[in-house]
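A.B. asks: Handing you a structure now.
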Amino acid sequence: FFMNPNTGEIVLTSTLDREKQDSYQMVAVVTDVGSPKLSSSVSISLTVTDIDDNAPIFNPPYYARLLSEGSSTGVDIVTVTATDADIGINKKLVFTVESGDSSGHFSLHPDTGLLQLVRSVDRETDASYSLVVKATDQGAARLSNLTTIDINITDVNDNIPIFSPPCSSGLTIQMFENLPVGTLVYDLNATDADATTNAAITYSDVQNSAHFAIDPQTGVITTTKILDRENLDNFQLSLKAVDGGTPENVVFCGIDVLVLDVNDEIPAFTTKPITTSIYENEPAGYIVGLVHAKDNDIGNNAIVWYKIAAGDDSGHFMINSTSGEVTVQKPLNRETQNKHNLTVMAYDSIRPDFHVNTTIIVHVLDRNDHAPIFSQSVYRVNVTEFAPVDTLVVRLNATDFDHLENAELTFTILSGDTLNQFKIVNKWYVALGNVLDREVKDYYMLNISVEDNSPDVSKRLKAYATLYVRVLDENDNKPIFTRTQYEYSLFEDSPSNSFVGSVAATDKDVGTNANIQFSIVSGDDEDVFLIDPNNGQITTNGSIDYETTKTYSLVVRASNSLAGVTRRTHNLPLVDGSFVGRKKRQLTSGFVLGVVLSSTTTVVIAIKDVNDNPPQFYQSTYFAGIPLVSKPPHSVITVSASDADSGNFGKVNYKLIPSEQLDNLGVTFKIDSSTGAITSDFYFAEFSAHILRFGVEAYDNNGVPVSLNSSAAMVIYLLKQSEQAIFTFNRSVDHLTKNRDNLIEWLVNITDADVHIDKIATHINNNTLNNDRTDVHVYAINKTDHLIIPLLTLVNVVLDRFDTHKPWLIYGQNVFGFSEIMQPSSVTGDTTPNIFVIDKSQTKADESYIAVVIALGIFLFLLLLAILIAVVWLRRRRRIRKAHQNVLYQDFFTTPPGSTGSVEAYEYDERLQREDEVELVRSKPKKKKYQANPIWVSPHDMWRDYDESHASGRASAQADGFAFSNPMTLEETTEEYETGSRPTLERENPLYEDQEIKMDMFYSDSDPDDVGSPSVEDLDEDMGSDAQLLEATLELDDEDEPMTHI
């Protein structure tokens, strides 16, 4: 600003800009010129008023948005914003769309600048919009500014593919047969107005035609096989085009491919060679015969022409070149030529080199003044097979201009009826002489003559006609399989819908009567297989397991269709004047119309094994022991596994799994890969007691792919001498070796432990081998904690349970050579024995009881037979009731015939050593002795029926068991049987006579760390002052007879 000092006028020195400063505060001072100068001041407040001098400014200056073409109207697109530095009305902005929306798809709010969609957009019409938006202030100058909104329309899959040319009503394409494979049939073209993947089109054949293929990308259709019009002249293709959108749009196009004929077929005669006879002097045009040939082509290519190629040099005959009818061209003279051999050619009208020949033999007959004349020389009729006998086929018409006898006519079938199917009846009629069978012959050409009855037989005249009889088919033949049995094979892992094989059948009928349907009748209860009813192809319907079923034997039926139920109807008259019609039709052969006929065959499907079952060990953990004192080689244990597969897939091999423990100890084991026998050549005497652990693997298929495997754990105990028992038995080594499993089973029943026999050796007595006695080295493992059972525990358990687990009850005989263990009466001294000697005797039977029973039986039989029968019946009922609760055994120890009855308890009936004589017997004693249990049956688990010899009754052996763990040394010796007075029974036992059995037990204080085996001398020394004799007596007194057996 500037103030004039003289006038006080304030003027501008520069232009004001309200947008930079909208007000000023000034102070004006006025001063006089006097002296002193006086002055005063005034405040001036200057406000700058706005003028419309600023145009709007868009922020941002440019807008770009994406809009889906599927967006609904009213959707917000973008809000444009602009500012104006002015104020008041000069700042108020109005937004307008200046250009770019000629179709009115968008609406811009003038105040807020919000752009909305007011009319649906179509990307295929306009893919983008560029709107010019103007912001105008409302000041006097109406200043404005422009911005651009670019809107790109994004695609949605809203357009289906369109075929060009259109295919909505289908297309028809013609092409010639015999064109090479790959010939272009049609270029199917479709377009999609969408963009990107929505416009990507894939073509396919819905029906997967075997003759055509379509390129999925280009739509070009080509042939995959050479087309043969004679086999099929029309193909209907169903094609589709699918775009790449989601969801996809599909359009279909049906194309009929008409196969055009190529002249590639040679004519063939449908009629057989003709032999006919005609009279001499027949006029021109007389029909000799009719030949017919067929060309499988069509149109002009199928036109067949005929000509007489040979045999008519005189020109007596002519043939209609189009119909094949052979006629007389000029009269014949039998005296000149009585037989004409004509060669008739049928040839393609376009390609004469395509031709075929047939023959017509014409016999010329002599005539008198007037010969009979047929009203027509050719008759054609259709007769259904199985029409009844006497059905009239045709009425013959002939005339003779002679008189009386010469005019009387007789008709005769001359030829063409070698099967005697036809006959002449009622003078004028041809009728059926037998039921026709189309499958034997479907076409008859009968040469029929008519003869006058002139008295001069030599001058009788004849005329001839030909009767063509076509036999119509009936459903009278069942389908016949091409084979009586089909055999196929299939792997068990074949997926569902796998092709197995096919069956085929033929039917002698024709047309719909020959349509065959296949079905599976039996042999597939689980619906494992399916059969295509039309082509007989057998496929799988699910999974197959070789281990469940190795072979399937399917019964497959072939049936013809029910089309034969709808029959043709022919109103054929019978000789008696009735008719064979729709309701009166009957068959003399007994054939029923409309019945579906069928036959069956067998399809054997062998299932092939695949390796789908790994070997399975019989135990998850195996326990074994090796005495520290024993010398290598050691036969440790044999593991065993089974595999449900077959062949190499089921062949199990074994190998050891490396063990860090064995490696650290330097211990080695070997396993026989075939048998599973584990051995060791290692010397263990330097070891203290150890438990060695390692793994065993079983694998199949010789370890080659694909090989399956499983593993089991091995626990090997290194045994001290004091952890084994030595049992001594009155049997040879061979006998006990043979009964090794029975002995282990008995010990398991007593102890309920995992019992192992380490060695079976001949007993040494006073440094002498005693071959009649055997030492069995035994140790036992507790099934609960898997520890070796201490010696004393083993002894006590055997003593406690011996009486309820009789060793000879295994299979009914004393296989171990001793009878019972005595309970010690007292225990003194060392309570940790390492030798336990058992000496028992056998029992003998009471023969006298058997004699009494036999005598009593004979006496009762002689006196009271009826009463005996009743008693036997009642006894048998009681046995049956009790058989479900008890199983008793035959007392095998009877006195041999002829002896005095004094049999030593050690004596063994050698007749019972053969196992095949051992028999389990169901019985009961006369009194209530049946509560005694077999060795492996607990008091609560009675046996049921046990008919099979040596059956698996051992499963319940552990029902009354005891947990064992460590082996000990136990030796059994035998004392002489003491005779004398028999004490009173203290326990009921029907298997014993009263006797006294003694057992001596010797306890030794031998050094438990002594790794050597005790010698006979050691045993003798142990029986000195350090030995303690324990004696126990179990008194047995059988008040009744010994047990009987059935």
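Naming scheme: A, B, ... for chains in displayed order of the structure tokens; residues 1 onward per chain; ligands 1 onward as shown.
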Do a neighbour search on range 416-427 of chain A at 7 Å with only C-alpha atoms, toss out local chain neighbours closer than 2 positions, and write the hits as a list in words.
C.D. replies: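 Listed by chain and then number, they are Thr410, Phe411, Thr412, Tyr429, Val430, Ala431, Leu432, Gly433, Asn434, Leu436, Tyr444, Met445, Leu446 and Asn447 of chain A.
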A.B. asks: From the options A:Ile319, A:Ile726, A:Leu184, A:Leu856, which residue's atoms come nearest to Leu868 in chain A, counting only C-alpha atoms?
C.D. replies: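 Among the listed residues, the smallest separation from Leu868 in chain A belongs to A:Leu856.
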A.B. asks: Fewer than 5 positions away in the same chain doesn't count, so skip those; otherwise give me all residues within 10 Å of Ile149 in chain A, counting only C-alpha atoms, as a ChimeraX atom specification.
C.D. replies: /A:61-65,78,80,97,100,115,129-133
A.B. asks: If you keep N, CA, C and O atoms, can you produce a file of those selected residues as a short mmCIF file (atom, residue, chain, number, x, y, z; two decimals), in the first residue's frame?
C.D. replies:
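Final output, saved to result-v7.cif:
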data_model
loop_
_atom_site.label_atom_id
_atom_site.label_comp_id
_atom_site.auth_asym_id
_atom_site.auth_seq_id
_atom_site.Cartn_x
_atom_site.Cartn_y
_atom_site.Cartn_z
N PRO A 61 -5.40 -35.93 -10.45
CA PRO A 61 -5.75 -35.33 -11.73
C PRO A 61 -6.31 -36.35 -12.73
O PRO A 61 -6.87 -35.95 -13.75
N TYR A 62 -6.15 -37.69 -12.42
CA TYR A 62 -6.59 -38.70 -13.39
C TYR A 62 -7.12 -39.91 -12.61
O TYR A 62 -6.60 -40.25 -11.55
N TYR A 63 -8.19 -40.52 -13.18
CA TYR A 63 -8.82 -41.66 -12.51
C TYR A 63 -8.87 -42.85 -13.48
O TYR A 63 -9.15 -42.67 -14.69
N ALA A 64 -8.62 -44.05 -12.94
CA ALA A 64 -8.73 -45.30 -13.72
C ALA A 64 -9.38 -46.36 -12.83
O ALA A 64 -8.97 -46.54 -11.67
N ARG A 65 -10.41 -47.03 -13.36
CA ARG A 65 -11.14 -48.03 -12.58
C ARG A 65 -11.44 -49.25 -13.46
O ARG A 65 -11.54 -49.14 -14.69
N VAL A 78 -16.61 -44.59 -8.73
CA VAL A 78 -15.54 -43.76 -8.22
C VAL A 78 -16.13 -42.41 -7.81
O VAL A 78 -17.18 -41.99 -8.33
N VAL A 80 -15.06 -38.53 -7.76
CA VAL A 80 -14.03 -37.55 -8.14
C VAL A 80 -14.05 -36.38 -7.16
O VAL A 80 -15.11 -36.00 -6.64
N VAL A 97 -20.38 -34.74 -16.66
CA VAL A 97 -19.69 -35.59 -17.63
C VAL A 97 -19.78 -34.89 -18.96
O VAL A 97 -20.87 -34.70 -19.50
N GLY A 100 -17.76 -39.11 -23.52
CA GLY A 100 -17.34 -40.49 -23.25
C GLY A 100 -18.47 -41.39 -22.81
O GLY A 100 -18.26 -42.59 -22.60
N LEU A 115 -19.62 -41.26 -9.12
CA LEU A 115 -19.97 -41.84 -10.42
C LEU A 115 -20.58 -43.21 -10.18
O LEU A 115 -19.95 -44.07 -9.54
N TYR A 129 -14.38 -47.38 -21.32
CA TYR A 129 -14.99 -46.04 -21.41
C TYR A 129 -13.97 -45.03 -20.90
O TYR A 129 -13.29 -45.28 -19.88
N SER A 130 -13.92 -43.88 -21.61
CA SER A 130 -13.04 -42.80 -21.16
C SER A 130 -13.93 -41.56 -20.98
O SER A 130 -14.33 -40.89 -21.94
N LEU A 131 -14.30 -41.31 -19.74
CA LEU A 131 -15.22 -40.20 -19.43
C LEU A 131 -14.42 -38.93 -19.13
O LEU A 131 -13.45 -38.95 -18.36
N VAL A 132 -14.83 -37.84 -19.77
CA VAL A 132 -14.25 -36.52 -19.48
C VAL A 132 -15.19 -35.81 -18.50
O VAL A 132 -16.36 -35.55 -18.84
N VAL A 133 -14.69 -35.53 -17.31
CA VAL A 133 -15.50 -34.92 -16.25
C VAL A 133 -15.01 -33.48 -16.02
O VAL A 133 -13.79 -33.25 -15.93
#
A.B. asks: Run DSSP on the backbone and tell me which residues of range 170-312 of chain A come out as helix (DSSP H, G or I); list them as an NGL selection string.
C.D. replies: :A and (196-199 or 299-302)
A.B. asks: Counting only C-alpha atoms, which residue out of A:Asn406, A:Thr154, A:Asn475, A:Ser168 sits closest to Arg460 in chain A?
C.D. replies: A:Asn406
A.B. asks: Just list the residues in range 382-510 of chain A DSSP gives strand (DSSP E or B) on the backbone, as a ChimeraX atom specification.
C.D. replies: /A:382-384,391-395,398-399,409-415,422-425,429-432,443-452,462-472,480-481,485-491,499-502,505-506
A.B. asks: What is the CA of Arg438 in chain A to CA of Tyr468 in chain A distance in Å?
C.D. replies: 14.2 Å
A.B. asks: What does the structure give for the distance between CA of Lys608 in chain A and CA of Gln517 in chain A, in Å to one decimal?
C.D. replies: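 We find that CA of Lys608 in chain A and CA of Gln517 in chain A lie 29.1 Å from each other.
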